[in-house]
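Peer 1: Got a structure for you, questions after.
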Amino acid sequence: MVSFPQFVAAVQTNPFLALVMVLVIGTIFVNGATDAANAIAEPVGTRAIGVNQAIVMSVVCNFVGLVGMTLISTAVANTMSGMVDFGGDAHAALIALAAATVGIVTWASIAWVFGIPTSESHALIAGLTGAALAVQGGFGGVNMGEWVKVVYGLVLSTVLGYGAGWVIAKAIPIIFRQADRRRMNSIFKKWQVVGAAGMATMHGAQDGQKFMSTAMMAVLLSQGVSIDGAQFPLWIEIICAAAMAIGTAIGGKRIIKKVGIEMVSLEQYQGFAASVSATASLLIATLTGLPVSTTHTSTAAMMGAGAAKNARSVNWGVAKEMVLAWVFTFPGCGLIGYLLTKLFLVVF
């Protein structure tokens with residue numbers, strides 16, 4: 001395990017490591033401004049909680065999710081670290097990692113400006129893959145056995161998120177058909193906030209591990225040490241969680257408006273159904289080491305919950321816009337990561 005004093009010493013002897021860490025933290029910050037906001041979009045959209053309160057809740061839950069899940073399982077982080085191989089040249093590997101993170105920040109920042117909740121998880125995976133292809137000169141830098149888990153996660157997050165959201169939103173009116181509607185709305189309003197807290201916690205567990213793995217990769221690559229089987233120190237967890245929290249606090253409102261208010265119109269019980277569905281889907285993926293998109297899972301669950309009552313309650317135009325963003329993320333970030341790595345290898 002790398003201690004914080006050892007990290008500081010490594011930065012002093014390798015200034016390029018400092019640059020890479022700043023870039024990695026930048027990707028975590030942008031992830032907080034975009035992906036983390038999705039976890040709290042539902043209760044804001046149904047007015048179960050105010051935007052500022054939701055952001056505070058998200059900040060706390062993301063931190064708990066990252067630190068807590070790391071104590072239980074690092075399956076997602078292990079998948080991420082085993083997905084690509086930058087080779088034995090430590091300096092070239094750091095250059096590739098820097099190029100990938102520049103591409104991710106660029107891509108995610110554009111999406112944030114336009115209020116599109118594109119997936120930083122997919123951007124991270126695509127950017128690292130493109131960088132590995134560039135530095136290794138071919139597919140020898142990609143472990144397809146680990147990479148295919150991205151495809152599994154993509155299917156899981158879509159099918160399970162949407163399907164569970166639809167089923168639960170269909171079941172609730174049947175189960176509570178004899179209950180007083182006003183009283184149940186009040187109850188589900190509270191439950192929805194709890195569900196959103198669970199979703200925020202699982203976002204910290206999923207995305208937190210992905211980006212923490214990237215930060216740890218930078219530290220170990222600078223020392224020529226493999227990340228396989230590495231233990232994650234508390235200091236790197238705190239840095240990653242703090243960067244994500246600051247990003248959510250500064251940039252979360254724009255994405256919340258896009259997802260929670262413009263994309264789908266939900267009632268209290270539908271918001272609860274969406275939160276529970278997304279939380280369960282993310283928990284399964286995290287424990288099994290599948291690097292899924294929290295954005296994808298959350299929006300799929302919201303669309304399923306909305307469509308369960310009336311397909312017209314979903315703004316399919318906005319949904320289509322998001323799907324297109326996801327479709328272009330893999331080739332877009334992969335190409336940017338590849339080209340920037342080639343450029344950086346010449347410049348640096």
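If you're wondering about the labels, chains in the structure tokens are A, B, ... by order shown, residues count from 1 in each chain, ligands from 1 in order shown.
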Based on the backbone DSSP call, show me all residues of stretch 101-289 of chain A assigned alpha helix (DSSP H), as a VMD selection string.

Peer 2: chain A and resid 101 to 113 120 to 136 144 to 175 181 to 222 234 to 256 268 to 287

Peer 1: Find the residues near stretch 53-62 of chain A: any atom within 6 Å, counting only C-alpha atoms, skip ones fewer than 3 places away on the same chain, and give them as a list in words.

Peer 2: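 Final neighbour list, sorted by chain and number: Gly50, Gly65, Ala200, Thr201, Gly204 and Ala245 of chain A.
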
Peer 1: Write out as a ChimeraX atom specification which residues come within 12 Å of A:Gly195 when counting only C-alpha atoms, dropping same-chain ones fewer than 4 positions away.

Peer 2: /A:39-43,48,54,57-58,61,188-191,199-202,268-280,298

Peer 1: Between A:Met80, A:Ile336, A:Ala218, A:Ala123, single out the one closest to A:Met144, counting only C-alpha atoms.

Peer 2: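 Among the listed residues, the smallest separation from A:Met144 belongs to A:Met80.
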
Peer 1: Can you pull out the residues contacting A:Val30? Cut-off 8 Å, using only C-alpha atoms, and skip same-chain residues under 6 positions away; I want them as number ranges by chain.

Peer 2: A: 105, 108-109, 244, 247

Peer 1: Determine, using only C-alpha atoms, which residues of stretch 111-197 of chain A have any atom at most 10 Å from an atom of stretch 301-307 of chain A, and tabulate each with its shortest atom pair and distance in Å to one decimal place, rows ordered by chain and then rising number, as JSON lines.

Peer 2:
```
{"residue": "A:Ser157", "atom": "CA", "partner": "A:Ala301", "partner_atom": "CA", "distance": 8.7}
{"residue": "A:Thr158", "atom": "CA", "partner": "A:Ala301", "partner_atom": "CA", "distance": 8.0}
{"residue": "A:Val159", "atom": "CA", "partner": "A:Ala301", "partner_atom": "CA", "distance": 9.1}
{"residue": "A:Leu160", "atom": "CA", "partner": "A:Ala301", "partner_atom": "CA", "distance": 8.1}
{"residue": "A:Gly161", "atom": "CA", "partner": "A:Ala301", "partner_atom": "CA", "distance": 4.4}
{"residue": "A:Tyr162", "atom": "CA", "partner": "A:Gly304", "partner_atom": "CA", "distance": 4.4}
{"residue": "A:Gly163", "atom": "CA", "partner": "A:Gly304", "partner_atom": "CA", "distance": 6.3}
{"residue": "A:Ala164", "atom": "CA", "partner": "A:Ala301", "partner_atom": "CA", "distance": 7.0}
{"residue": "A:Gly165", "atom": "CA", "partner": "A:Ala305", "partner_atom": "CA", "distance": 4.5}
{"residue": "A:Trp166", "atom": "CA", "partner": "A:Gly304", "partner_atom": "CA", "distance": 4.4}
{"residue": "A:Val167", "atom": "CA", "partner": "A:Ala305", "partner_atom": "CA", "distance": 7.8}
{"residue": "A:Ile168", "atom": "CA", "partner": "A:Ala305", "partner_atom": "CA", "distance": 7.5}
{"residue": "A:Ala169", "atom": "CA", "partner": "A:Ala305", "partner_atom": "CA", "distance": 5.3}
{"residue": "A:Lys170", "atom": "CA", "partner": "A:Ala305", "partner_atom": "CA", "distance": 7.9}
```

Peer 1: How would the residues just chosen look if you wrote them out with C-alpha atoms as a compact mmCIF listing (two decimals), in the first residue's frame?

Peer 2:
```txt
# COMPACT_ATOMS: atom_id res chain seq x y z
CA SER A 157 -28.19 -1.56 -16.65
CA THR A 158 -30.65 -1.14 -19.52
CA VAL A 159 -32.77 -4.26 -19.16
CA LEU A 160 -32.75 -4.53 -15.37
CA GLY A 161 -33.04 -0.78 -14.75
CA TYR A 162 -35.91 -0.20 -17.18
CA GLY A 163 -37.61 -3.52 -16.47
CA ALA A 164 -37.48 -3.24 -12.69
CA GLY A 165 -38.65 0.38 -12.82
CA TRP A 166 -41.61 -0.63 -14.98
CA VAL A 167 -42.58 -3.64 -12.85
CA ILE A 168 -42.34 -1.85 -9.49
CA ALA A 169 -44.24 1.19 -10.79
CA LYS A 170 -46.95 -1.16 -12.08
```
